[in-house]
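target-v8.pdb follows; it contains PDB, C-alpha atoms.
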ATOM      1  CA  MET A  28      32.691  -7.696 218.912
ATOM      2  CA  ILE A  29      30.574 -10.553 217.585
ATOM      3  CA  LYS A  30      31.593 -12.645 214.595
ATOM      4  CA  ILE A  31      28.806 -12.775 211.999
ATOM      5  CA  ALA A  32      30.558 -14.550 209.097
ATOM      6  CA  GLU A  33      33.871 -15.863 207.832
ATOM      7  CA  HIS A  34      33.501 -13.773 204.649
ATOM      8  CA  PRO A  35      30.954 -11.144 203.494
ATOM      9  CA  ASN A  36      29.721 -13.478 200.728
ATOM     10  CA  GLU A  37      28.303 -15.772 203.432
ATOM     11  CA  LEU A  38      25.832 -13.085 204.538
ATOM     12  CA  GLY A  39      23.599 -13.557 201.482
ATOM     13  CA  PHE A  40      23.352  -9.986 200.224
ATOM     14  CA  ALA A  41      20.480  -9.286 197.832
ATOM     15  CA  SER A  42      21.121  -7.493 194.527
ATOM     16  CA  ASN A  43      20.483  -4.167 196.330
ATOM     17  CA  GLY A  44      23.566  -4.757 198.526
ATOM     18  CA  LEU A  45      21.498  -5.203 201.705
ATOM     19  CA  VAL A  46      20.652  -8.139 203.941
ATOM     20  CA  GLU A  47      18.803  -8.522 207.241
ATOM     21  CA  ILE A  48      20.427 -10.795 209.804
ATOM     22  CA  THR A  49      19.777 -11.623 213.442
ATOM     23  CA  VAL A  50      22.626 -11.215 215.927
ATOM     24  CA  ASN A  51      22.014 -12.164 219.567
ATOM     25  CA  GLY A  52      18.255 -11.864 218.993
ATOM     26  CA  LYS A  53      18.552  -8.386 217.414
ATOM     27  CA  LYS A  54      17.583  -7.782 213.783
ATOM     28  CA  ILE A  55      20.274  -5.852 211.927
ATOM     29  CA  CYS A  56      20.513  -4.606 208.342
ATOM     30  CA  VAL A  57      23.994  -5.083 206.874
ATOM     31  CA  ALA A  58      25.027  -3.133 203.773
ATOM     32  CA  ARG A  59      27.770  -3.890 201.275
ATOM     33  CA  VAL A  60      29.060  -0.874 199.371
ATOM     34  CA  VAL A  61      31.525  -1.513 196.552
ATOM     35  CA  GLU A  62      33.858   1.357 195.670
ATOM     36  CA  GLY A  63      36.151   0.291 192.863
ATOM     37  CA  LEU A  64      37.938  -2.804 194.169
ATOM     38  CA  GLU A  65      37.140  -2.029 197.808
ATOM     39  CA  ILE A  66      34.195  -3.534 199.687
ATOM     40  CA  LYS A  67      32.895  -1.579 202.663
ATOM     41  CA  LEU A  68      30.478  -3.074 205.189
ATOM     42  CA  PHE A  69      28.033  -1.151 207.368
ATOM     43  CA  ALA A  70      25.309  -2.113 209.829
ATOM     44  CA  CYS A  71      22.152  -0.294 210.859
ATOM     45  CA  ALA A  72      18.837  -0.932 212.550
ATOM     46  CA  ALA A  73      16.622  -3.294 210.563
ATOM     47  CA  ALA A  74      13.630  -0.935 210.774
ATOM     48  CA  CYS A  75      13.379   2.671 209.635
ATOM     49  CA  PRO A  76      12.961   5.005 212.636
ATOM     50  CA  HIS A  77      10.135   6.858 210.849
ATOM     51  CA  ALA A  78       7.562   4.194 209.984
ATOM     52  CA  GLY A  79       9.279   0.863 210.651
ATOM     53  CA  ALA A  80       9.879  -0.257 207.056
ATOM     54  CA  ARG A  81      12.505  -2.982 206.578
ATOM     55  CA  MET A  82      15.704  -1.226 205.546
ATOM     56  CA  ALA A  83      16.927  -4.387 203.793
ATOM     57  CA  ASN A  84      14.146  -3.818 201.240
ATOM     58  CA  GLY A  85      15.531  -0.371 200.430
ATOM     59  CA  THR A  86      18.384   0.706 198.214
ATOM     60  CA  ILE A  87      21.822   2.276 198.482
ATOM     61  CA  ASP A  88      22.371   5.525 196.595
ATOM     62  CA  PRO A  89      25.627   6.433 194.764
ATOM     63  CA  LEU A  90      26.840   8.325 197.861
ATOM     64  CA  GLY A  91      26.516   5.212 200.060
ATOM     65  CA  ASN A  92      23.339   6.284 201.884
ATOM     66  CA  VAL A  93      20.678   3.686 202.621
ATOM     67  CA  ILE A  94      17.222   4.671 201.378
ATOM     68  CA  CYS A  95      14.073   3.513 203.158
ATOM     69  CA  PRO A  96      11.761   1.643 200.761
ATOM     70  CA  LEU A  97       8.578   3.223 202.169
ATOM     71  CA  HIS A  98       9.024   7.008 202.173
ATOM     72  CA  ARG A  99      12.499   7.275 200.583
ATOM     73  CA  TYR A 100      14.184   8.841 203.622
ATOM     74  CA  LYS A 101      17.971   8.683 203.227
ATOM     75  CA  PHE A 102      20.393   7.831 206.024
ATOM     76  CA  SER A 103      24.192   7.935 206.170
ATOM     77  CA  MET A 104      25.553   4.433 206.709
ATOM     78  CA  VAL A 105      28.562   5.990 208.456
ATOM     79  CA  ASN A 106      26.698   7.697 211.313
ATOM     80  CA  GLY A 107      22.948   7.141 210.821
ATOM     81  CA  ARG A 108      22.256  10.814 210.152
ATOM     82  CA  ASN A 109      19.108  11.515 208.144
ATOM     83  CA  VAL A 110      20.587  13.254 205.087
ATOM     84  CA  SER A 111      17.270  13.988 203.352
ATOM     85  CA  GLY A 112      16.254  16.430 206.084
ATOM     86  CA  GLU A 113      13.386  14.807 207.997
ATOM     87  CA  GLY A 114      15.268  14.800 211.321
ATOM     88  CA  TYR A 115      15.281  11.070 212.120
ATOM     89  CA  HIS A 116      18.326   9.064 213.198
ATOM     90  CA  LEU A 117      19.045   5.460 212.189
ATOM     91  CA  LYS A 118      21.063   3.402 214.666
ATOM     92  CA  THR A 119      24.337   2.212 213.184
ATOM     93  CA  TRP A 120      27.054  -0.141 214.382
ATOM     94  CA  LYS A 121      30.670  -0.656 213.420
ATOM     95  CA  VAL A 122      31.436  -3.631 211.165
ATOM     96  CA  GLU A 123      34.963  -4.903 210.524
ATOM     97  CA  TRP A 124      36.086  -7.343 207.851
ATOM     98  CA  ARG A 125      39.332  -8.841 209.107
ATOM     99  CA  GLU A 126      41.435 -11.873 208.218
ATOM    100  CA  ASP A 127      39.535 -13.938 210.784
ATOM    101  CA  GLY A 128      36.044 -12.959 209.592
ATOM    102  CA  VAL A 129      33.352 -10.293 209.656
ATOM    103  CA  TRP A 130      32.686  -8.745 213.062
ATOM    104  CA  ILE A 131      30.040  -6.368 214.406
ATOM    105  CA  ASP A 132      30.245  -4.239 217.541
ATOM    106  CA  LEU A 133      26.777  -4.077 219.095
ATOM    107  CA  GLY A 134      28.225  -2.521 222.247
ATOM    108  CA  GLY A 135      28.057   0.980 220.898
ATOM    109  CA  MET A 136      26.667   2.968 218.053
ATOM    110  CA  VAL A 137      28.929   4.627 215.488
TER     111      VAL A 137
END
Could you render the structure from this file as structure tokens?
Amino acid sequence: MIKIAEHPNELGFASNGLVEITVNGKKICVARVVEGLEIKLFACAAACPHAGARMANGTIDPLGNVICPLHRYKFSMVNGRNVSGEGYHLKTWKVEWREDGVWIDLGGMV
């Protein structure tokens, strides 16, 4: 696990709930999904597997899927599955917000 922030607010999320960061030389898109009073954090590849668009420029739908800004392909932030049916897979990583900060596990995909 690699610490990426003390608190999610330090990551600099845009109004779309997404931000691109670099961790150990790897570009990662981090998503913040707010459900009621709960904040959930997810991480995925910075580039769409279809045409390479920056996922941080996309949006998050009401179901918590990240939507590519170029062709509108939708991906589950939980497992990277392409939920709009095109057959692509977006790499995802586990993110934990704990008392001692925000951590990402780049050792394995979710």
Evaluate the PyMOL selection byres ((chain A and resi 75) around 10) on the structure here and hand back the selected residues as a list in words.
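With the PyMOL selection byres ((chain A and resi 75) around 10) on this model, the match is Cys71, Ala72, Ala73, Ala74, Pro76, His77, Ala78, Gly79, Ala80, Arg81, Met82, Ala83, Gly85, Ile94, Cys95, Pro96, Leu97, His98, Tyr100, Lys101, Phe102, Tyr115, His116, Leu117 and Lys118 of chain A.
Among the candidates A:Asn106, A:Glu113, A:Gly44, A:Arg99, the residue lying nearest to Lys67 (chain A) is A:Gly44 (atoms considered: all atoms listed in the file).
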If we count all atoms listed in the file, what is near region 31-38 of chain A at a cut-off of 7 Å, once residues fewer than 5 positions away on the same chain are taken out, given as a ChimeraX atom specification?
/A:127-131
So which residues get picked by the PyMOL selection byres ((chain A and resi 58) around 7) here, written as a PyMOL selection string?
chain A and resi 44-46+56-57+59-60+68-70
Build an axis-aligned box that encloses every atom of region 88-107 of chain A listed in the file, pad it by 4 Å on each side, and report its centre and edge lengths in Å to one decimal, as AutoDock Vina command-line options.
--center_x 18.6 --center_y 5.2 --center_z 203.0 --size_x 28.0 --size_y 15.2 --size_z 24.5
Name the closest residue to Glu62 (chain A) among the candidates A:Gly39, A:Gly107, A:Gly134, A:Gly91; distances are taken between atoms, counting only C-alpha atoms.
A:Gly91
Please provide the set of residues having any atom within 9 Å of Leu133 (chain A), restricted to all atoms listed in the file, with same-chain residues fewer than 3 positions apart removed, written as a CSV table (one decimal) with C-alpha atoms, in the frame of the given file.
chain,number,residue,atom,x,y,z
A,28,MET,CA,32.7,-7.7,218.9
A,29,ILE,CA,30.6,-10.6,217.6
A,50,VAL,CA,22.6,-11.2,215.9
A,119,THR,CA,24.3,2.2,213.2
A,120,TRP,CA,27.1,-0.1,214.4
A,121,LYS,CA,30.7,-0.7,213.4
A,136,MET,CA,26.7,3.0,218.1
Pairwise distance for CA of Leu90 (chain A) and CA of Ile55 (chain A), rounded to one decimal in Å
21.0 Å
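Between CA of Thr86 (chain A) and CA of Glu126 (chain A) the separation is 28.1 Å.
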Quick one, how far is CA of Trp124 (chain A) from CA of Lys30 (chain A)?
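Separation between CA of Trp124 (chain A) and CA of Lys30 (chain A): 9.7 Å.
Minimum atom-to-atom distances from A:Asn92, A:Asn84, A:Asn43, A:Asn51 to Met104 (chain A) were compared using only C-alpha atoms, and the lowest value belongs to A:Asn92.
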Can you work out which one of A:Ile48, A:Ala41, A:Val110, A:Val61 has the shortest atom-to-atom distance to Val93 (chain A), counting all atoms listed in the file?
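Looking at the shortest contact to Val93 (chain A), the residue is A:Val110.
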Extract region 44-116 of chain A from the preceding block and save C-alpha atoms as a PDB file, in the first residue's frame.
ATOM      1  CA  GLY A  44     -15.429  13.978  -8.606  1.00  0.00           C
ATOM      2  CA  LEU A  45     -12.318  12.857 -10.514  1.00  0.00           C
ATOM      3  CA  VAL A  46      -8.632  13.710 -10.335  1.00  0.00           C
ATOM      4  CA  GLU A  47      -5.512  12.399 -12.068  1.00  0.00           C
ATOM      5  CA  ILE A  48      -2.495  11.821  -9.848  1.00  0.00           C
ATOM      6  CA  THR A  49       0.913  10.235 -10.321  1.00  0.00           C
ATOM      7  CA  VAL A  50       1.965   7.466  -7.937  1.00  0.00           C
ATOM      8  CA  ASN A  51       5.440   5.952  -8.329  1.00  0.00           C
ATOM      9  CA  GLY A  52       5.587   7.265 -11.907  1.00  0.00           C
ATOM     10  CA  LYS A  53       2.178   5.777 -12.826  1.00  0.00           C
ATOM     11  CA  LYS A  54      -0.754   8.010 -13.778  1.00  0.00           C
ATOM     12  CA  ILE A  55      -3.905   7.047 -11.893  1.00  0.00           C
ATOM     13  CA  CYS A  56      -7.446   8.433 -11.958  1.00  0.00           C
ATOM     14  CA  VAL A  57      -8.977   8.654  -8.478  1.00  0.00           C
ATOM     15  CA  ALA A  58     -12.748   8.994  -8.084  1.00  0.00           C
ATOM     16  CA  ARG A  59     -14.737  10.304  -5.141  1.00  0.00           C
ATOM     17  CA  VAL A  60     -18.310   9.046  -4.953  1.00  0.00           C
ATOM     18  CA  VAL A  61     -20.558  10.567  -2.295  1.00  0.00           C
ATOM     19  CA  GLU A  62     -23.479   8.427  -1.132  1.00  0.00           C
ATOM     20  CA  GLY A  63     -25.419  10.291   1.520  1.00  0.00           C
ATOM     21  CA  LEU A  64     -22.880  11.051   4.250  1.00  0.00           C
ATOM     22  CA  GLU A  65     -20.434   8.393   3.055  1.00  0.00           C
ATOM     23  CA  ILE A  66     -17.475   9.123   0.778  1.00  0.00           C
ATOM     24  CA  LYS A  67     -16.158   6.226  -1.283  1.00  0.00           C
ATOM     25  CA  LEU A  68     -12.823   6.367  -3.103  1.00  0.00           C
ATOM     26  CA  PHE A  69     -11.857   4.360  -6.180  1.00  0.00           C
ATOM     27  CA  ALA A  70      -8.838   4.266  -8.477  1.00  0.00           C
ATOM     28  CA  CYS A  71      -8.535   3.295 -12.124  1.00  0.00           C
ATOM     29  CA  ALA A  72      -6.180   3.657 -15.053  1.00  0.00           C
ATOM     30  CA  ALA A  73      -5.776   7.268 -16.158  1.00  0.00           C
ATOM     31  CA  ALA A  74      -6.462   6.403 -19.811  1.00  0.00           C
ATOM     32  CA  CYS A  75      -9.504   4.708 -21.307  1.00  0.00           C
ATOM     33  CA  PRO A  76      -8.583   1.262 -22.687  1.00  0.00           C
ATOM     34  CA  HIS A  77     -10.507   1.996 -25.908  1.00  0.00           C
ATOM     35  CA  ALA A  78      -8.992   5.200 -27.288  1.00  0.00           C
ATOM     36  CA  GLY A  79      -6.777   6.562 -24.508  1.00  0.00           C
ATOM     37  CA  ALA A  80      -8.937   9.492 -23.373  1.00  0.00           C
ATOM     38  CA  ARG A  81      -8.153  10.898 -19.914  1.00  0.00           C
ATOM     39  CA  MET A  82     -10.675   9.366 -17.532  1.00  0.00           C
ATOM     40  CA  ALA A  83     -10.303  12.332 -15.160  1.00  0.00           C
ATOM     41  CA  ASN A  84     -12.024  14.443 -17.835  1.00  0.00           C
ATOM     42  CA  GLY A  85     -15.052  12.145 -17.766  1.00  0.00           C
ATOM     43  CA  THR A  86     -17.983  11.960 -15.403  1.00  0.00           C
ATOM     44  CA  ILE A  87     -19.452   9.643 -12.791  1.00  0.00           C
ATOM     45  CA  ASP A  88     -23.004   8.437 -13.378  1.00  0.00           C
ATOM     46  CA  PRO A  89     -25.621   7.997 -10.596  1.00  0.00           C
ATOM     47  CA  LEU A  90     -24.687   4.298 -10.302  1.00  0.00           C
ATOM     48  CA  GLY A  91     -21.028   5.138  -9.570  1.00  0.00           C
ATOM     49  CA  ASN A  92     -19.656   4.179 -13.001  1.00  0.00           C
ATOM     50  CA  VAL A  93     -16.948   6.323 -14.562  1.00  0.00           C
ATOM     51  CA  ILE A  94     -17.793   7.500 -18.077  1.00  0.00           C
ATOM     52  CA  CYS A  95     -15.084   8.115 -20.666  1.00  0.00           C
ATOM     53  CA  PRO A  96     -15.275  11.680 -22.022  1.00  0.00           C
ATOM     54  CA  LEU A  97     -14.532  10.638 -25.624  1.00  0.00           C
ATOM     55  CA  HIS A  98     -16.960   7.864 -26.590  1.00  0.00           C
ATOM     56  CA  ARG A  99     -19.042   7.647 -23.382  1.00  0.00           C
ATOM     57  CA  TYR A 100     -18.047   4.068 -22.529  1.00  0.00           C
ATOM     58  CA  LYS A 101     -19.022   3.277 -18.930  1.00  0.00           C
ATOM     59  CA  PHE A 102     -16.867   1.314 -16.499  1.00  0.00           C
ATOM     60  CA  SER A 103     -17.597  -0.015 -13.011  1.00  0.00           C
ATOM     61  CA  MET A 104     -15.302   1.658 -10.492  1.00  0.00           C
ATOM     62  CA  VAL A 105     -15.553  -1.481  -8.344  1.00  0.00           C
ATOM     63  CA  ASN A 106     -14.057  -3.955 -10.833  1.00  0.00           C
ATOM     64  CA  GLY A 107     -13.322  -2.102 -14.094  1.00  0.00           C
ATOM     65  CA  ARG A 108     -15.958  -4.013 -16.047  1.00  0.00           C
ATOM     66  CA  ASN A 109     -17.272  -2.235 -19.137  1.00  0.00           C
ATOM     67  CA  VAL A 110     -20.969  -1.914 -18.253  1.00  0.00           C
ATOM     68  CA  SER A 111     -22.062  -0.285 -21.524  1.00  0.00           C
ATOM     69  CA  GLY A 112     -21.290  -3.448 -23.487  1.00  0.00           C
ATOM     70  CA  GLU A 113     -18.249  -2.682 -25.651  1.00  0.00           C
ATOM     71  CA  GLY A 114     -16.106  -5.411 -24.054  1.00  0.00           C
ATOM     72  CA  TYR A 115     -13.197  -3.336 -22.718  1.00  0.00           C
ATOM     73  CA  HIS A 116     -11.760  -3.570 -19.205  1.00  0.00           C
TER      74      HIS A 116
END
